[in-house]
$ cat query28.tsv   # TSV, C-alpha atoms
chain	number	residue	atom	x	y	z
A	833	MET	CA	-11.44	-29.81	-18.10
A	834	ASP	CA	-8.45	-28.31	-19.90
A	835	TYR	CA	-8.68	-24.76	-18.59
A	836	ILE	CA	-5.46	-23.68	-20.27
A	837	GLU	CA	-6.73	-24.70	-23.71
A	838	LEU	CA	-10.13	-23.14	-22.98
A	839	HIS	CA	-8.45	-19.82	-22.23
A	840	LYS	CA	-6.19	-20.05	-25.27
A	841	GLU	CA	-9.19	-20.54	-27.54
A	842	HIS	CA	-11.22	-17.67	-26.10
A	843	LYS	CA	-8.71	-15.04	-24.99
A	844	ALA	CA	-9.72	-11.48	-25.93
A	845	ASN	CA	-6.45	-10.78	-27.73
A	846	SER	CA	-7.16	-7.10	-28.34
A	847	LEU	CA	-6.74	-6.48	-24.60
A	848	PHE	CA	-3.10	-6.63	-23.53
A	849	GLY	CA	-0.88	-5.18	-20.85
A	850	ARG	CA	-1.65	-3.07	-17.81
A	851	TYR	CA	-3.15	0.09	-19.30
A	852	ILE	CA	-6.74	-0.87	-20.09
A	853	THR	CA	-9.10	2.05	-20.56
A	854	LEU	CA	-12.68	2.55	-21.66
A	855	LYS	CA	-11.63	3.10	-25.27
A	856	ASP	CA	-9.99	-0.35	-25.21
A	857	ILE	CA	-13.09	-2.20	-24.06
A	858	GLU	CA	-15.84	-0.19	-25.78
A	859	PRO	CA	-15.31	-1.89	-29.18
A	860	LEU	CA	-15.88	-5.22	-27.40
A	861	LEU	CA	-18.83	-3.93	-25.41
A	862	GLU	CA	-20.51	-2.68	-28.60
A	863	LYS	CA	-20.85	-6.32	-29.68
A	864	LEU	CA	-22.75	-7.19	-26.48
A	865	PRO	CA	-26.25	-6.24	-25.31
A	866	THR	CA	-24.97	-3.77	-22.72
A	867	GLU	CA	-26.70	-0.91	-20.95
A	868	ILE	CA	-25.23	2.42	-19.85
A	869	ILE	CA	-26.36	2.82	-16.25
A	870	GLY	CA	-24.83	6.22	-15.57
A	871	LEU	CA	-21.76	8.42	-15.84
A	872	SER	CA	-18.48	8.81	-13.99
A	873	VAL	CA	-17.34	12.07	-12.40
A	874	LEU	CA	-15.85	13.14	-15.76
A	875	GLY	CA	-18.88	12.02	-17.72
A	876	LYS	CA	-17.66	8.68	-19.01
A	877	PRO	CA	-20.29	5.92	-19.42
A	878	ILE	CA	-20.43	3.02	-17.00
A	879	TYR	CA	-21.68	-0.14	-18.66
A	880	LYS	CA	-23.72	-3.03	-17.31
A	881	TYR	CA	-23.90	-6.38	-19.04
A	882	THR	CA	-26.48	-8.99	-18.01
A	883	ILE	CA	-26.65	-12.49	-19.45
A	884	GLY	CA	-27.94	-15.94	-18.51
A	885	THR	CA	-31.18	-17.59	-17.48
A	886	GLY	CA	-30.13	-19.50	-14.37
A	887	ALA	CA	-31.61	-19.26	-10.90
A	888	THR	CA	-28.34	-18.33	-9.19
A	889	LYS	CA	-27.48	-14.66	-9.65
A	890	VAL	CA	-23.83	-13.59	-9.67
A	891	PHE	CA	-22.74	-9.94	-9.66
A	892	MET	CA	-19.16	-9.18	-10.79
A	893	TRP	CA	-17.40	-5.85	-11.11
A	894	SER	CA	-13.88	-4.88	-12.13
A	895	GLN	CA	-11.58	-1.83	-12.16
A	896	MET	CA	-13.14	-0.22	-9.14
A	897	HIS	CA	-9.51	0.86	-8.82
A	898	GLY	CA	-8.57	2.34	-12.18
A	899	ASN	CA	-5.02	0.99	-12.30
A	900	GLU	CA	-6.11	-2.61	-11.63
A	901	SER	CA	-6.90	-4.03	-15.04
A	902	THR	CA	-5.91	-7.72	-14.99
A	903	THR	CA	-9.34	-8.95	-13.96
A	904	THR	CA	-10.97	-6.80	-16.62
A	905	LYS	CA	-8.99	-8.68	-19.26
A	906	ALA	CA	-10.01	-11.99	-17.68
A	907	LEU	CA	-13.66	-10.95	-17.68
A	908	PHE	CA	-13.64	-10.40	-21.44
A	909	ASP	CA	-11.98	-13.79	-21.89
A	910	PHE	CA	-14.83	-15.20	-19.81
A	911	PHE	CA	-17.42	-13.35	-21.92
A	912	ASN	CA	-16.02	-15.08	-25.00
A	913	VAL	CA	-16.63	-18.47	-23.39
A	914	LEU	CA	-20.21	-17.53	-22.57
A	915	HIS	CA	-20.78	-16.64	-26.24
A	916	SER	CA	-19.02	-19.71	-27.61
A	917	GLU	CA	-20.33	-23.13	-28.50
A	918	GLU	CA	-18.39	-24.65	-25.60
A	919	GLU	CA	-20.42	-26.97	-23.39
A	920	ILE	CA	-19.22	-25.15	-20.28
A	921	GLY	CA	-20.47	-21.84	-21.69
A	922	GLY	CA	-23.96	-23.17	-22.22
A	923	LYS	CA	-23.98	-24.79	-18.79
A	924	LEU	CA	-22.94	-21.56	-17.08
A	925	LEU	CA	-25.68	-19.61	-18.85
A	926	SER	CA	-28.31	-22.15	-17.86
A	927	GLU	CA	-27.22	-22.30	-14.22
A	928	PHE	CA	-26.52	-18.60	-13.61
A	929	THR	CA	-27.75	-15.14	-14.38
A	930	PHE	CA	-24.73	-12.85	-14.50
A	931	CYS	CA	-24.56	-9.11	-14.03
A	932	PHE	CA	-21.22	-7.47	-14.87
A	933	LEU	CA	-19.82	-3.97	-14.45
A	934	PRO	CA	-16.60	-4.40	-16.45
A	935	MET	CA	-15.16	-0.98	-15.56
A	936	VAL	CA	-16.54	0.80	-12.51
A	937	ASN	CA	-13.94	3.58	-12.53
A	938	PRO	CA	-13.28	4.66	-16.15
A	939	ASP	CA	-11.78	8.00	-15.05
A	940	GLY	CA	-9.22	6.27	-12.84
A	941	ALA	CA	-8.52	3.80	-15.64
A	942	GLU	CA	-7.60	6.60	-18.04
A	943	LEU	CA	-5.52	8.43	-15.42
A	944	TYR	CA	-4.05	5.11	-14.22
A	945	THR	CA	-4.90	5.89	-10.61
A	946	ARG	CA	-6.41	3.85	-7.82
A	947	GLU	CA	-8.90	6.61	-7.02
A	948	ASN	CA	-11.60	8.18	-9.15
A	949	ALA	CA	-11.38	11.71	-10.61
A	950	ASN	CA	-12.30	13.19	-7.21
A	951	LYS	CA	-9.37	11.29	-5.65
A	952	VAL	CA	-11.73	9.05	-3.69
A	953	ASP	CA	-11.00	5.36	-3.21
A	954	LEU	CA	-14.29	3.79	-4.29
A	955	ASN	CA	-13.49	0.73	-2.19
A	956	ARG	CA	-13.72	2.91	0.92
A	957	ASP	CA	-16.97	4.58	-0.12
A	958	SER	CA	-19.49	1.79	0.37
A	959	VAL	CA	-21.27	3.49	3.30
A	960	ALA	CA	-20.92	7.19	2.46
A	961	LEU	CA	-21.69	6.56	-1.23
A	962	SER	CA	-20.28	10.00	-1.94
A	963	GLN	CA	-19.30	9.28	-5.54
A	964	PRO	CA	-21.48	8.65	-8.60
A	965	GLU	CA	-19.59	5.43	-9.37
A	966	SER	CA	-20.21	4.09	-5.84
A	967	GLN	CA	-23.88	5.02	-6.07
A	968	LEU	CA	-24.27	3.20	-9.38
A	969	LEU	CA	-22.56	0.08	-8.07
A	970	ARG	CA	-24.82	0.02	-5.02
A	971	LYS	CA	-27.94	0.58	-7.10
A	972	VAL	CA	-27.09	-2.37	-9.34
A	973	PHE	CA	-26.50	-4.50	-6.24
A	974	ASP	CA	-29.88	-3.54	-4.78
A	975	ASP	CA	-31.77	-4.02	-8.04
A	976	PHE	CA	-30.09	-7.28	-9.06
A	977	ASN	CA	-30.25	-8.84	-5.56
A	978	PRO	CA	-27.39	-11.30	-6.19
A	979	HIS	CA	-26.67	-14.63	-4.52
A	980	PHE	CA	-22.90	-14.11	-4.92
A	981	CYS	CA	-20.68	-11.08	-5.48
A	982	TYR	CA	-17.23	-11.12	-7.10
A	983	ASN	CA	-15.08	-8.08	-6.29
A	984	LEU	CA	-12.24	-8.10	-8.82
A	985	HIS	CA	-8.92	-6.37	-8.12
A	986	ASP	CA	-5.14	-6.37	-8.66
A	987	GLN	CA	-2.49	-6.39	-5.96
A	988	ARG	CA	1.09	-5.12	-6.04
A	989	THR	CA	4.23	-7.15	-6.67
A	990	ILE	CA	5.23	-6.77	-2.99
A	991	PHE	CA	2.97	-9.58	-1.79
A	992	GLY	CA	3.99	-13.16	-1.12
A	993	ALA	CA	1.82	-16.16	-0.31
A	994	GLY	CA	3.11	-16.42	3.24
A	995	ASP	CA	6.66	-15.48	4.16
A	996	ALA	CA	8.63	-18.35	2.57
A	997	GLY	CA	9.47	-16.58	-0.69
A	998	ASN	CA	6.50	-17.72	-2.81
A	999	VAL	CA	4.97	-14.91	-4.82
A	1000	ALA	CA	1.21	-14.35	-4.44
A	1001	THR	CA	0.05	-14.68	-8.05
A	1002	VAL	CA	-3.61	-14.86	-7.05
A	1003	SER	CA	-5.09	-14.04	-3.65
A	1004	PHE	CA	-8.60	-14.39	-2.31
A	1005	LEU	CA	-10.66	-13.17	0.60
A	1006	ALA	CA	-14.04	-14.03	2.02
A	1007	PRO	CA	-14.60	-10.63	3.69
A	1008	SER	CA	-15.67	-10.36	7.29
A	1009	PHE	CA	-19.08	-9.11	8.32
A	1010	ASN	CA	-18.12	-8.05	11.86
A	1011	GLU	CA	-15.15	-6.97	13.95
A	1012	ASN	CA	-14.74	-10.47	15.40
A	1013	ARG	CA	-14.22	-11.92	11.91
A	1014	ASP	CA	-16.79	-14.61	12.68
A	1015	ILE	CA	-17.70	-17.19	10.07
A	1016	ASN	CA	-21.43	-17.49	9.46
A	1017	GLU	CA	-23.39	-19.26	6.72
A	1018	VAL	CA	-22.99	-16.33	4.34
A	1019	ARG	CA	-19.24	-16.14	4.70
A	1020	SER	CA	-18.99	-19.95	4.55
A	1021	LYS	CA	-20.44	-19.95	1.05
A	1022	ALA	CA	-17.71	-17.60	-0.14
A	1023	ILE	CA	-15.06	-19.65	1.69
A	1024	ASN	CA	-16.16	-22.88	0.02
A	1025	VAL	CA	-15.88	-21.36	-3.46
A	1026	ILE	CA	-12.42	-20.01	-2.64
A	1027	VAL	CA	-11.30	-23.45	-1.46
A	1028	ALA	CA	-12.48	-24.95	-4.76
A	1029	MET	CA	-10.68	-22.29	-6.82
A	1030	ASN	CA	-7.52	-22.78	-4.79
A	1031	GLU	CA	-7.60	-26.54	-5.38
A	1032	GLU	CA	-7.64	-25.96	-9.13
A	1033	LEU	CA	-5.04	-23.20	-9.09
A	1034	GLN	CA	-2.60	-25.35	-7.12
A	1035	LYS	CA	-2.31	-27.47	-10.27
A	1036	HIS	CA	-1.07	-24.43	-12.19
A	1037	ILE	CA	0.65	-22.16	-9.64
A	1038	PRO	CA	1.53	-24.39	-6.67
A	1039	ASN	CA	2.18	-22.45	-3.45
A	1040	GLN	CA	1.41	-19.15	-5.18
A	1041	VAL	CA	-2.14	-18.56	-3.92
A	1042	GLY	CA	-2.58	-16.25	-0.96
A	1043	ARG	CA	-5.30	-15.30	1.48
A	1044	PHE	CA	-5.92	-11.60	1.93
A	1045	ASP	CA	-6.21	-10.03	5.36
A	1046	ASP	CA	-9.78	-10.21	6.71
A	1047	GLY	CA	-9.72	-7.22	9.04
A	1048	PHE	CA	-13.22	-5.73	9.06
A	1049	ASN	CA	-13.90	-2.36	7.46
A	1050	ILE	CA	-17.55	-1.63	6.76
A	1051	ASN	CA	-16.49	1.08	4.28
A	1052	CYS	CA	-15.02	-1.60	2.00
A	1053	ILE	CA	-17.50	-2.90	-0.54
A	1054	GLY	CA	-16.85	-6.59	0.15
A	1055	ASP	CA	-17.30	-6.22	3.89
A	1056	ARG	CA	-20.43	-4.14	3.31
A	1057	PHE	CA	-22.05	-6.69	1.00
A	1058	THR	CA	-21.14	-9.59	3.31
A	1059	PHE	CA	-22.66	-7.58	6.16
A	1060	LEU	CA	-25.78	-7.33	3.98
A	1061	ASN	CA	-25.86	-11.16	3.83
A	1062	VAL	CA	-24.51	-11.72	0.31
A	1063	PRO	CA	-21.49	-14.06	-0.02
A	1064	THR	CA	-18.73	-11.94	-1.53
A	1065	ILE	CA	-15.35	-13.01	-2.88
A	1066	LEU	CA	-12.41	-10.66	-3.29
A	1067	PHE	CA	-10.06	-11.56	-6.14
A	1068	GLU	CA	-6.55	-10.08	-6.14
A	1069	ALA	CA	-4.56	-10.58	-9.35
A	1070	GLY	CA	-0.88	-10.49	-8.40
A	1071	HIS	CA	2.55	-11.08	-9.87
A	1072	PHE	CA	3.87	-14.15	-11.65
A	1073	GLN	CA	7.55	-14.58	-12.37
A	1074	GLU	CA	8.61	-12.01	-15.03
A	1075	ASP	CA	4.96	-11.34	-15.89
A	1076	TYR	CA	4.78	-7.59	-15.33
A	1077	TYR	CA	2.09	-7.28	-17.99
A	1078	ARG	CA	-0.02	-9.77	-15.97
A	1079	GLU	CA	-0.85	-11.96	-18.94
A	1080	TYR	CA	-0.19	-15.25	-17.14
A	1081	THR	CA	-2.00	-13.96	-14.07
A	1082	ARG	CA	-4.93	-13.08	-16.31
A	1083	LYS	CA	-5.10	-16.74	-17.32
A	1084	MET	CA	-5.11	-17.80	-13.65
A	1085	ILE	CA	-7.97	-15.41	-12.86
A	1086	PHE	CA	-9.91	-16.88	-15.79
A	1087	ILE	CA	-9.32	-20.40	-14.44
A	1088	ALA	CA	-10.45	-19.29	-11.00
A	1089	LEU	CA	-13.65	-17.77	-12.39
A	1090	VAL	CA	-14.67	-20.84	-14.38
A	1091	SER	CA	-13.65	-23.46	-11.80
A	1092	GLY	CA	-15.32	-21.58	-8.94
A	1093	LEU	CA	-18.61	-21.22	-10.79
A	1094	LYS	CA	-18.43	-24.87	-11.81
A	1095	HIS	CA	-18.07	-25.75	-8.15
A	1096	ILE	CA	-21.14	-23.69	-7.23
A	1097	TYR	CA	-23.48	-25.49	-9.63
A	1098	GLU	CA	-22.02	-28.94	-8.95
A	1099	ASN	CA	-22.10	-28.72	-5.16
A	1100	ASP	CA	-24.48	-27.83	-2.40
A	1101	VAL	CA	-22.51	-25.01	-0.80
A	1102	VAL	CA	-23.52	-25.58	2.82
A	1103	ASP	CA	-20.85	-27.18	5.02
A	1104	THR	CA	-18.00	-24.83	5.76
A	1105	LYS	CA	-14.49	-25.60	4.62
A	1106	SER	CA	-12.98	-22.93	6.81
A	1107	ALA	CA	-10.11	-25.16	7.96
A	1108	LEU	CA	-8.96	-25.59	4.35
A	1109	TYR	CA	-9.47	-21.88	3.73
A	1110	LEU	CA	-7.29	-20.95	6.68
A	1111	GLN	CA	-4.55	-23.25	5.37
A	1112	ILE	CA	-4.12	-20.92	2.40
A	1113	PRO	CA	-1.09	-18.83	3.41
A	1114	GLN	CA	-1.88	-15.25	4.29
A	1115	ASN	CA	-0.59	-12.44	2.10
A	1116	LYS	CA	2.63	-10.97	3.46
A	1117	VAL	CA	4.61	-7.94	2.26
A	1118	VAL	CA	7.90	-9.73	1.60
A	1119	PHE	CA	8.91	-8.88	-1.98
A	1120	TYR	CA	10.74	-6.17	-3.84
A	1121	ASP	CA	11.14	-6.11	-7.60
A	1122	PHE	CA	14.94	-6.00	-7.20
A	1123	ILE	CA	17.34	-6.93	-4.41
A	1124	TYR	CA	21.10	-6.44	-4.59
A	1125	LYS	CA	23.14	-8.24	-1.95
A	1126	ASN	CA	26.67	-7.89	-0.60
A	1127	VAL	CA	27.25	-4.50	-2.15
A	1128	LYS	CA	30.31	-2.49	-1.07
A	1129	ILE	CA	29.66	1.20	-0.53
A	1130	ASN	CA	32.03	3.99	0.45
A	1131	TYR	CA	30.28	5.98	3.15
A	1132	ASP	CA	32.15	8.98	4.59
A	1133	GLY	CA	35.44	7.42	3.61
A	1134	LYS	CA	34.65	4.09	5.21
A	1135	GLU	CA	33.84	0.98	3.23
A	1136	LYS	CA	30.97	-1.24	4.34
A	1137	ILE	CA	28.98	-4.14	2.92
A	1138	THR	CA	25.22	-3.74	2.66
A	1139	ASN	CA	22.15	-4.73	0.67
A	1140	PHE	CA	19.61	-2.56	-1.06
A	1141	ALA	CA	16.30	-3.00	-2.85
A	1142	ALA	CA	14.57	-1.24	-5.74
A	1143	GLN	CA	10.92	-1.17	-6.64
A	1144	TYR	CA	9.12	-0.31	-9.83
A	1145	LYS	CA	6.78	2.63	-9.95
A	1146	GLU	CA	4.21	2.28	-12.72
A	1147	GLU	CA	4.16	5.70	-14.37
A	1148	LEU	CA	1.79	6.78	-17.13
A	1149	ILE	CA	3.82	8.60	-19.77
A	1150	ASP	CA	2.43	9.39	-23.23
A	1151	GLU	CA	-0.47	6.95	-22.71
A	1152	LYS	CA	1.88	4.10	-21.93
A	1153	ILE	CA	2.80	2.53	-18.61
A	1154	GLN	CA	6.50	2.71	-17.92
A	1155	PHE	CA	8.06	0.61	-15.17
A	1156	ASN	CA	10.67	2.86	-13.55
A	1157	ALA	CA	12.83	1.42	-10.78
A	1158	TYR	CA	13.71	3.46	-7.69
A	1159	VAL	CA	15.73	2.56	-4.61
A	1160	ALA	CA	13.26	1.56	-1.91
A	1161	GLU	CA	15.22	0.20	1.07
A	1162	ILE	CA	18.84	-0.07	2.20
A	1163	GLY	CA	20.08	-2.41	4.90
A	1164	GLU	CA	19.77	-5.96	6.09
A	1165	LEU	CA	16.48	-6.65	4.21
A	1166	LYS	CA	15.73	-9.47	6.62
A	1167	GLY	CA	12.84	-11.63	5.45
A	1168	LYS	CA	12.68	-9.88	2.07
A	1169	PHE	CA	12.88	-11.47	-1.36
A	1170	GLY	CA	13.46	-10.05	-4.81
A	1171	HIS	CA	11.71	-10.98	-8.01
A	1172	TYR	CA	15.18	-10.27	-9.39
A	1173	GLN	CA	18.19	-10.80	-7.11
A	1174	TYR	CA	21.84	-10.03	-7.77
A	1175	ASN	CA	24.80	-10.93	-5.56
A	1176	ALA	CA	27.47	-8.24	-5.93
A	1177	HIS	CA	30.13	-10.32	-4.14
A	1178	LYS	CA	31.44	-7.17	-2.44
A	1179	MET	CA	31.88	-5.17	-5.64
A	1180	LEU	CA	31.95	-1.41	-5.11
A	1181	TYR	CA	28.79	0.57	-5.82
A	1182	ASN	CA	29.02	3.76	-7.83
A	1183	ASP	CA	26.62	6.09	-9.63
A	1184	GLU	CA	26.52	9.53	-11.19
A	1185	ASN	CA	25.29	11.18	-8.00
A	1186	ASP	CA	26.96	10.80	-4.60
A	1187	GLY	CA	28.25	7.28	-5.10
A	1188	ILE	CA	25.88	5.66	-2.59
A	1189	PRO	CA	22.31	4.37	-3.04
A	1190	LYS	CA	19.63	6.70	-1.70
A	1191	ILE	CA	15.91	6.16	-1.16
A	1192	ASN	CA	13.76	7.27	-4.15
A	1193	GLN	CA	16.82	7.57	-6.39
A	1194	LYS	CA	16.55	6.01	-9.85
A	1195	ALA	CA	18.14	2.54	-9.90
A	1196	ASN	CA	20.92	3.45	-12.38
A	1197	PHE	CA	24.36	2.49	-11.07
A	1198	TYR	CA	27.56	0.50	-11.50
A	1199	LEU	CA	29.00	-2.42	-9.57
A	1200	GLY	CA	32.71	-2.58	-9.93
A	1201	LYS	CA	34.14	-0.77	-12.94
A	1202	ASP	CA	32.22	-2.44	-15.75
A	1203	ILE	CA	28.87	-3.87	-14.58
A	1204	LYS	CA	26.16	-1.36	-15.38
A	1205	PHE	CA	22.56	-1.40	-14.17
A	1206	VAL	CA	19.93	0.71	-15.93
A	1207	ASN	CA	16.44	0.92	-14.46
A	1208	GLY	CA	17.38	-1.85	-12.07
A	1209	ILE	CA	18.49	-4.32	-14.73
A	1210	LYS	CA	22.01	-5.46	-15.52
A	1211	LYS	CA	23.11	-4.40	-18.99
$ encode --input "query28.tsv" --output "structure tokens"
Amino acid sequence: MDYIELHKEHKANSLFGRYITLKDIEPLLEKLPTEIIGLSVLGKPIYKYTIGTGATKVFMWSQMHGNESTTTKALFDFFNVLHSEEEIGGKLLSEFTFCFLPMVNPDGAELYTRENANKVDLNRDSVALSQPESQLLRKVFDDFNPHFCYNLHDQRTIFGAGDAGNVATVSFLAPSFNENRDINEVRSKAINVIVAMNEELQKHIPNQVGRFDDGFNINCIGDRFTFLNVPTILFEAGHFQEDYYREYTRKMIFIALVSGLKHIYENDVVDTKSALYLQIPQNKVVFYDFIYKNVKINYDGKEKITNFAAQYKEELIDEKIQFNAYVAEIGELKGKFGHYQYNAHKMLYNDENDGIPKINQKANFYLGKDIKFVNGIKK
């Protein structure tokens, strides 16, 4: 199957970039037979969309964290396939019954925050169920009684697939159900689907698929649902080279969704493939957005050579996300990689402040007399 062409034909082009809010998706939801199942803390509607006639029930939800929108875009691309005349769309609808919550946290989406309007991380609220959004998600889970759950998220640009300098464009996790991180039949089903998705993604992003940490936390929704005997898969949409809007990553999430579901209906998901799963390199915090090496600084009248790193902060300004670079670390930076790296070759650092890089300072500076960097980037 040509997944790239499939995505190109059915991409929801009206959704673009990182700032995806309820007002962006509502015009698309109005064309679907959706149901409003309740309201967020600030009174925004939370939509449910159910489709399909198949025996296997799959529950998917996105933007539980409001500032994690890549998988939401991929979901609407996937919806377009389901409503197309593509053979794979018809097959998926005949094999599965899907239940989607495309935006669990509409308040956080508008504020571009991880938490909801009460500043609660909904992915740490699966036991307390203190928030209306968490309660609605759990009610849908109980009523729908799924065979599989897909927990759709984004992860930061800091993650690599292992520690060899390969960025983690997509990461997966089959969450644990106990402190020992044992693998039972329930978890094995999630593992097998992840292995199948990884096999397909390796054709598109070789060495850029990671495995998220499986430390057990019953307050996390994936761990809770696995504990309740439903195979659950965590998706983490990460960075691809120069893709800060996550449009290429969106395509990879779409490919993972379709290929994983295809695997489920084509295979008897019984025998564990845990060995192959554990071969997927674990996510490691090894990246910065910018690294500058061999920089000369004048510190208390003494010249020394050092390195420093800068990291983007995604800041919502006038309803647009601005990527603003700030100095994040100074020193050896052992084991760290930059999505953008610059070798200063011992040129002298200077700026309009104290003439040395400082943590949390905007990454606006000079190297030598003439090389200017604005917001981390050489001009």
$ residues_near_point --input "query28.tsv" --point "(-3.6, 4.5, -10.1)" --cutoff "12 Å" --atoms "all atoms listed in the file" --output "ChimeraX atom specification"
/A:850-852,895-901,937-949,951-953,986-988,1145-1148,1153
$ write_last_selection --input "query28.tsv" --atoms "C-alpha atoms" --output "PDB file, keeping the file's coordinate frame"
ATOM      1  CA  ARG A 850      -1.650  -3.070 -17.810  1.00  0.00           C
ATOM      2  CA  TYR A 851      -3.150   0.090 -19.300  1.00  0.00           C
ATOM      3  CA  ILE A 852      -6.740  -0.870 -20.090  1.00  0.00           C
ATOM      4  CA  GLN A 895     -11.580  -1.830 -12.160  1.00  0.00           C
ATOM      5  CA  MET A 896     -13.140  -0.220  -9.140  1.00  0.00           C
ATOM      6  CA  HIS A 897      -9.510   0.860  -8.820  1.00  0.00           C
ATOM      7  CA  GLY A 898      -8.570   2.340 -12.180  1.00  0.00           C
ATOM      8  CA  ASN A 899      -5.020   0.990 -12.300  1.00  0.00           C
ATOM      9  CA  GLU A 900      -6.110  -2.610 -11.630  1.00  0.00           C
ATOM     10  CA  SER A 901      -6.900  -4.030 -15.040  1.00  0.00           C
ATOM     11  CA  ASN A 937     -13.940   3.580 -12.530  1.00  0.00           C
ATOM     12  CA  PRO A 938     -13.280   4.660 -16.150  1.00  0.00           C
ATOM     13  CA  ASP A 939     -11.780   8.000 -15.050  1.00  0.00           C
ATOM     14  CA  GLY A 940      -9.220   6.270 -12.840  1.00  0.00           C
ATOM     15  CA  ALA A 941      -8.520   3.800 -15.640  1.00  0.00           C
ATOM     16  CA  GLU A 942      -7.600   6.600 -18.040  1.00  0.00           C
ATOM     17  CA  LEU A 943      -5.520   8.430 -15.420  1.00  0.00           C
ATOM     18  CA  TYR A 944      -4.050   5.110 -14.220  1.00  0.00           C
ATOM     19  CA  THR A 945      -4.900   5.890 -10.610  1.00  0.00           C
ATOM     20  CA  ARG A 946      -6.410   3.850  -7.820  1.00  0.00           C
ATOM     21  CA  GLU A 947      -8.900   6.610  -7.020  1.00  0.00           C
ATOM     22  CA  ASN A 948     -11.600   8.180  -9.150  1.00  0.00           C
ATOM     23  CA  ALA A 949     -11.380  11.710 -10.610  1.00  0.00           C
ATOM     24  CA  LYS A 951      -9.370  11.290  -5.650  1.00  0.00           C
ATOM     25  CA  VAL A 952     -11.730   9.050  -3.690  1.00  0.00           C
ATOM     26  CA  ASP A 953     -11.000   5.360  -3.210  1.00  0.00           C
ATOM     27  CA  ASP A 986      -5.140  -6.370  -8.660  1.00  0.00           C
ATOM     28  CA  GLN A 987      -2.490  -6.390  -5.960  1.00  0.00           C
ATOM     29  CA  ARG A 988       1.090  -5.120  -6.040  1.00  0.00           C
ATOM     30  CA  LYS A1145       6.780   2.630  -9.950  1.00  0.00           C
ATOM     31  CA  GLU A1146       4.210   2.280 -12.720  1.00  0.00           C
ATOM     32  CA  GLU A1147       4.160   5.700 -14.370  1.00  0.00           C
ATOM     33  CA  LEU A1148       1.790   6.780 -17.130  1.00  0.00           C
ATOM     34  CA  ILE A1153       2.800   2.530 -18.610  1.00  0.00           C
TER      35      ILE A1153
END
$ closest_residue --input "query28.tsv" --among "A:Asn998, A:Ile878, A:Met1084, A:Glu1184" --to "Ile836 of chain A" --atoms "all atoms listed in the file"
A:Met1084
$ closest_residue --input "query28.tsv" --among "A:Thr885, A:Ser872, A:Asn1130, A:Gln1173" --to "Gly1187 of chain A" --atoms "all atoms listed in the file"
A:Asn1130
$ residues_around --input "query28.tsv" --residues "Leu1060 of chain A" --least-positions-apart "4" --cutoff "9 Å" --atoms "only C-alpha atoms" --output "VMD selection string"
chain A and resid 1009 1055 to 1056
$ write_last_selection --input "query28.tsv" --atoms "C-alpha atoms" --output "mmCIF file, in the frame of the given file"
data_model
loop_
_atom_site.group_PDB
_atom_site.id
_atom_site.type_symbol
_atom_site.label_atom_id
_atom_site.label_comp_id
_atom_site.auth_asym_id
_atom_site.auth_seq_id
_atom_site.Cartn_x
_atom_site.Cartn_y
_atom_site.Cartn_z
ATOM 1 C CA PHE A 1009 -19.080 -9.110 8.320
ATOM 2 C CA ASP A 1055 -17.300 -6.220 3.890
ATOM 3 C CA ARG A 1056 -20.430 -4.140 3.310
#
$ atom_distance --input "query28.tsv" --atom1 "atom CA of Phe1057 of chain A" --atom2 "atom CA of Cys981 of chain A"
7.9 Å
$ closest_residue --input "query28.tsv" --among "A:Met1179, A:Val1025, A:Val999, A:Ile1188" --to "Ser1091 of chain A" --atoms "only C-alpha atoms"
A:Val1025
$ residues_around --input "query28.tsv" --residues "segment 1085-1089 of chain A" --least-positions-apart "4" --cutoff "10 Å" --atoms "all atoms listed in the file" --output "PyMOL selection string"
chain A and resi 834-836+838-839+843+902-910+982+984+1001-1003+1025-1026+1028-1033+1036+1067-1070+1079-1081+1093-1094
$ residues_around --input "query28.tsv" --residues "segment 1017-1019 of chain A" --least-positions-apart "5" --cutoff "10 Å" --atoms "all atoms listed in the file" --output "list of chain:residue names"
A:His979, A:Phe980, A:Leu1005, A:Ala1006, A:Pro1007, A:Ser1008, A:Phe1009, A:Asn1024, A:Thr1058, A:Phe1059, A:Leu1060, A:Asn1061, A:Val1062, A:Pro1063, A:Thr1064, A:Ile1065, A:Val1101, A:Val1102, A:Asp1103, A:Thr1104, A:Ser1106
$ residues_around --input "query28.tsv" --residues "Lys1190 of chain A" --least-positions-apart "2" --cutoff "12 Å" --atoms "only C-alpha atoms" --output "JSON list (two decimals) with C-alpha atoms, in the coordinates of the input"
[["chain", "number", "residue", "atom", "x", "y", "z"],
["A", 1129, "ILE", "CA", 29.66, 1.20, -0.53],
["A", 1131, "TYR", "CA", 30.28, 5.98, 3.15],
["A", 1139, "ASN", "CA", 22.15, -4.73, 0.67],
["A", 1140, "PHE", "CA", 19.61, -2.56, -1.06],
["A", 1141, "ALA", "CA", 16.30, -3.00, -2.85],
["A", 1142, "ALA", "CA", 14.57, -1.24, -5.74],
["A", 1158, "TYR", "CA", 13.71, 3.46, -7.69],
["A", 1159, "VAL", "CA", 15.73, 2.56, -4.61],
["A", 1160, "ALA", "CA", 13.26, 1.56, -1.91],
["A", 1161, "GLU", "CA", 15.22, 0.20, 1.07],
["A", 1162, "ILE", "CA", 18.84, -0.07, 2.20],
["A", 1163, "GLY", "CA", 20.08, -2.41, 4.90],
["A", 1181, "TYR", "CA", 28.79, 0.57, -5.82],
["A", 1182, "ASN", "CA", 29.02, 3.76, -7.83],
["A", 1183, "ASP", "CA", 26.62, 6.09, -9.63],
["A", 1185, "ASN", "CA", 25.29, 11.18, -8.00],
["A", 1186, "ASP", "CA", 26.96, 10.80, -4.60],
["A", 1187, "GLY", "CA", 28.25, 7.28, -5.10],
["A", 1188, "ILE", "CA", 25.88, 5.66, -2.59],
["A", 1192, "ASN", "CA", 13.76, 7.27, -4.15],
["A", 1193, "GLN", "CA", 16.82, 7.57, -6.39],
["A", 1194, "LYS", "CA", 16.55, 6.01, -9.85],
["A", 1195, "ALA", "CA", 18.14, 2.54, -9.90],
["A", 1196, "ASN", "CA", 20.92, 3.45, -12.38],
["A", 1197, "PHE", "CA", 24.36, 2.49, -11.07]]
